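Shown next, in structure tokens, is the structure this report addresses.
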Amino acid sequence: MPKAVNLLYIDGRIMGNNYNWDFNSILINWDVFAHGLVVTAQLSALTLATGLGLGFFLGLARYSRHQIFRLPSSIFVEIFRNVPALVVVIWFFFAFPIVSPFEVDAFTAAFLAISANTAAFSADIYRGGIQSISPHQWEAGRALGMSYLTIMRRIIFPQAIKRIIPPLTGRGIEAIKLSTLASVIAVNELLYAAKQLSALNFNPIEAYTTVAFLFFIIIYPLTHISYFLERRFGLSD
Amino acid sequence: MYEWDFSVIPRNIDLLLLGLYGTIKVFLTAFAIGLPFGLVLALLRLSRNKIVSLSASLFIDFLRSTPALVLIFWFFFAFPILIGLMVQAFLAATLTLAIVAAAFYAEIFRAGIASIERGQWESALALGMTYTALMRRIILPQAVKRMIPAFLERTIELLKTTPLMAAVAYSDLLFQAMDIAQKTFRPLEVLTAVAGIYFLMIYPMSLGVRKLERHLAKSGESTVH
């Protein structure tokens, strides 16, 4: 319990409704926020690249005719889709290091957990997109003597991508939001920076409001880009 | 080689059940508040008054594009100072989850309502129905049917965000698990078991929604997302 909250509990009247907002304490410590923002950006970029990349192969594997590919990828996808992301983050930080062959620091744990979550969700997006293309196109490609890879690369994927990109951007936005979970295991990202600063300066209102707005101004335009893509690709079909 | 010892789970089953109870309590409370609030937000957003609809959509967009954990921290650490009252972890976290869920429900309600053809509105108005009667008797019954899959998916999502409460020390299932893991020095077993409990809760729900969606698609019902 931070001291600021206890203090006000004793005398809420003083701070109560005429609270004096003081963003100076934020501006003075702007470098702490900037550093947090950089870590948030690094974590988001790494999880996006890994999650969306791995998700593609998982999606293909789930669509495969061979049980040997289909089963493990389905198990992976169902586990990481249905276990809450924070539980996975905590698991990778506290439990995984015990059996892990390599060193797992907080950043790595968060990276692994959020990437797995993103991969699992995007796998179904890729699969849905690929399955939405009529099977006749596969047959036509095969009749022309094309290999699986060629059909995928030259016929199926260019059409499927239109249906894949809008939900995939949504998933990317979700991954950025998930990066805040890393604060729970003390990764020095934006939310954690606010947590530490507010404990130091007793300014939770300004610190958390600033962080909320920073996320809003990053993510809000992205959601509009995703709506735009949805409309754009929706029209061209 | 690590020696697994799952006996910590039955030995601490009472604490885990207590945590599960906390999780379910938060989930149901947030759902019960979030659903009607979501409908209200959707109706405000569809309002013909520009100012009302604009502020409702800004409110919805803000909640949808800010991470839930940031909002929980805000409600737990900042909000109490602003209103000058002590806020319990349960209240702060449940309210946040409810409001966030409401913002997402609002978008589903809106899409559902907007998917009902213009003609139905006009014919109801021509029959002399009031806005409330038209909404309650004509539009919503049809819209709700189309929203069901998206709506259930969002409700599962709400259940999946409840572990965030552990971050403000509310004793939900995840918090109890971390507590037991620390006391018994068996994080691997405890956390794996708890991940399994979450999976067993959520997976059947996901399967059910998928089945329903396929069923609706086959019977030609249109749905919204």
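Identifiers in this document derive from the order of the structure tokens: chains are assigned A, B, ..., residues are numbered from 1 separately in each chain, and ligands are numbered from 1 in order of occurrence.
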Select from stretch 126-220 of chain B every residue with an atom at most 7 Å from any atom of stretch 111-119 of chain B, then for each give the shortest pair of atoms and their distance in Å to one decimal, using only C-alpha atoms, rows by chain and rising number, as JSON lines.
```
{"residue": "B:Ile139", "atom": "CA", "partner": "B:Ile113", "partner_atom": "CA", "distance": 6.6}
{"residue": "B:Leu140", "atom": "CA", "partner": "B:Ile113", "partner_atom": "CA", "distance": 6.8}
{"residue": "B:Ala143", "atom": "CA", "partner": "B:Gly112", "partner_atom": "CA", "distance": 4.7}
{"residue": "B:Val144", "atom": "CA", "partner": "B:Gly112", "partner_atom": "CA", "distance": 6.7}
{"residue": "B:Arg146", "atom": "CA", "partner": "B:Gly112", "partner_atom": "CA", "distance": 6.3}
{"residue": "B:Met147", "atom": "CA", "partner": "B:Gly112", "partner_atom": "CA", "distance": 5.7}
```
Fewer than 5 positions away in the same chain doesn't count, so skip those; otherwise give me all residues within 10 Å of stretch 3-12 of chain B, counting only C-alpha atoms, as a list of chain:residue names.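 The neighbour list is B:Leu17, B:Gln176, B:Ala177, B:Ile180, B:Ala181, B:Thr184, B:Phe185, B:Arg186, B:Pro187, B:Leu188, B:Glu189, B:Val190, B:Leu191, B:Thr192, B:Ala193, B:Val194.
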Which residues come within 10 Å of A:Pro167, counting only C-alpha atoms, excluding same-chain residues fewer than 6 positions away, as a list in words?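 Non-adjacent residues within range: Ser122, Ile125, Tyr126, Gly129, Ile173, Ser226, Tyr227, Leu229 and Glu230 of chain A.
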Taking N, CA and C atoms for each residue, export the selection above as a PDB file, in the first residue's frame.
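Wrote it out as part_2.pdb, contents follow:
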```pdb
ATOM      1  N   SER A 122      -2.429 -15.399 -33.666  1.00  0.00           N
ATOM      2  CA  SER A 122      -2.264 -15.082 -35.085  1.00  0.00           C
ATOM      3  C   SER A 122      -2.309 -16.357 -35.933  1.00  0.00           C
ATOM      4  N   ILE A 125      -5.595 -16.701 -37.251  1.00  0.00           N
ATOM      5  CA  ILE A 125      -5.906 -15.675 -38.253  1.00  0.00           C
ATOM      6  C   ILE A 125      -5.357 -16.104 -39.614  1.00  0.00           C
ATOM      7  N   TYR A 126      -4.094 -16.560 -39.629  1.00  0.00           N
ATOM      8  CA  TYR A 126      -3.499 -17.024 -40.892  1.00  0.00           C
ATOM      9  C   TYR A 126      -4.295 -18.192 -41.446  1.00  0.00           C
ATOM     10  N   GLY A 129      -7.563 -17.138 -42.904  1.00  0.00           N
ATOM     11  CA  GLY A 129      -7.366 -16.447 -44.178  1.00  0.00           C
ATOM     12  C   GLY A 129      -7.085 -17.422 -45.304  1.00  0.00           C
ATOM     13  N   ILE A 173      -1.828  -4.743 -32.095  1.00  0.00           N
ATOM     14  CA  ILE A 173      -2.200  -3.760 -31.076  1.00  0.00           C
ATOM     15  C   ILE A 173      -2.327  -4.443 -29.723  1.00  0.00           C
ATOM     16  N   SER A 226      -6.141   0.211 -38.350  1.00  0.00           N
ATOM     17  CA  SER A 226      -6.698  -1.125 -38.562  1.00  0.00           C
ATOM     18  C   SER A 226      -8.141  -1.044 -39.088  1.00  0.00           C
ATOM     19  N   TYR A 227      -8.930  -0.059 -38.614  1.00  0.00           N
ATOM     20  CA  TYR A 227     -10.279   0.120 -39.174  1.00  0.00           C
ATOM     21  C   TYR A 227     -10.192   0.474 -40.649  1.00  0.00           C
ATOM     22  N   LEU A 229      -7.790  -0.226 -42.781  1.00  0.00           N
ATOM     23  CA  LEU A 229      -7.416  -1.399 -43.578  1.00  0.00           C
ATOM     24  C   LEU A 229      -8.607  -2.325 -43.786  1.00  0.00           C
ATOM     25  N   GLU A 230      -9.404  -2.448 -42.716  1.00  0.00           N
ATOM     26  CA  GLU A 230     -10.569  -3.317 -42.800  1.00  0.00           C
ATOM     27  C   GLU A 230     -11.535  -2.825 -43.877  1.00  0.00           C
TER      28      GLU A 230
END
```
Pick out the chain B residues within 7 Å of chain A. Count only C-alpha atoms. Give them as a PyMOL selection string. chain B and resi 62+65-67+69-70+74+77-78+81-86+160-161+163-164+167+174+187-188+191+195+198-199+202-203
Which parts of chain B does DSSP call helix (DSSP H, G or I) when run on the backbone here, written out as an MDAnalysis selection string? chainID B and resid 8:11 13:45 50:64 68:83 89:114 118:126 131:168 173:184 187:218
Residues at most 12 Å from A:Arg231, counting only C-alpha atoms, excluding those fewer than 5 positions away in the same chain, as a ChimeraX atom specification? /A:162-163,165-167,224-226,236-237
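Pairwise distance (atom CA of B:Leu39, atom CA of B:Ala106) equals 5.7 Å.
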B:Leu41 surroundings by only C-alpha atoms, 12 Å radius, close-in-sequence under 3 positions cut, as a PDB file with C-alpha atoms, in the first residue's frame:
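Dumped to result.pdb:
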```pdb
ATOM      1  CA  GLY B  34     -20.292  -4.260 -17.630  1.00  0.00           C
ATOM      2  CA  LEU B  35     -23.178  -5.615 -19.669  1.00  0.00           C
ATOM      3  CA  PRO B  36     -25.889  -3.017 -18.924  1.00  0.00           C
ATOM      4  CA  PHE B  37     -23.274  -0.262 -18.905  1.00  0.00           C
ATOM      5  CA  GLY B  38     -22.135  -1.409 -22.339  1.00  0.00           C
ATOM      6  CA  LEU B  44     -25.304   7.009 -26.216  1.00  0.00           C
ATOM      7  CA  ARG B  45     -22.934   6.456 -29.117  1.00  0.00           C
ATOM      8  CA  LEU B  46     -25.851   5.962 -31.480  1.00  0.00           C
ATOM      9  CA  SER B  47     -27.549   9.091 -30.157  1.00  0.00           C
ATOM     10  CA  VAL B  52     -23.370  12.948 -26.695  1.00  0.00           C
ATOM     11  CA  SER B  53     -22.351  10.524 -29.412  1.00  0.00           C
ATOM     12  CA  LEU B  54     -18.886  12.034 -29.794  1.00  0.00           C
ATOM     13  CA  SER B  55     -18.086  11.941 -26.089  1.00  0.00           C
ATOM     14  CA  ALA B  56     -19.413   8.388 -25.817  1.00  0.00           C
ATOM     15  CA  SER B  57     -17.242   7.256 -28.694  1.00  0.00           C
ATOM     16  CA  LEU B  58     -14.184   9.013 -27.267  1.00  0.00           C
ATOM     17  CA  PHE B  59     -14.796   7.313 -23.919  1.00  0.00           C
ATOM     18  CA  ILE B  60     -15.156   3.914 -25.610  1.00  0.00           C
ATOM     19  CA  ASP B  61     -12.052   4.426 -27.760  1.00  0.00           C
ATOM     20  CA  LEU B  63     -10.882   2.407 -22.811  1.00  0.00           C
ATOM     21  CA  ILE B  99     -15.763  -0.520 -17.501  1.00  0.00           C
ATOM     22  CA  VAL B 100     -13.291  -1.981 -19.995  1.00  0.00           C
ATOM     23  CA  ALA B 101     -15.663  -4.854 -20.751  1.00  0.00           C
ATOM     24  CA  ALA B 102     -18.486  -2.315 -21.143  1.00  0.00           C
ATOM     25  CA  ALA B 103     -16.482  -0.447 -23.797  1.00  0.00           C
ATOM     26  CA  PHE B 104     -16.018  -3.646 -25.789  1.00  0.00           C
ATOM     27  CA  TYR B 105     -19.630  -4.764 -25.270  1.00  0.00           C
ATOM     28  CA  ALA B 106     -20.747  -1.319 -26.430  1.00  0.00           C
ATOM     29  CA  GLU B 107     -19.043  -1.822 -29.791  1.00  0.00           C
ATOM     30  CA  ILE B 108     -20.722  -5.209 -30.186  1.00  0.00           C
ATOM     31  CA  PHE B 109     -24.139  -3.790 -29.276  1.00  0.00           C
ATOM     32  CA  ARG B 110     -23.594  -0.925 -31.678  1.00  0.00           C
TER      33      ARG B 110
END
```
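Using only C-alpha atoms, the shortest contact distance between B:Arg64 and any of A:Ser134, A:Pro158, A:Asn29, A:Gly170 is found at A:Gly170.
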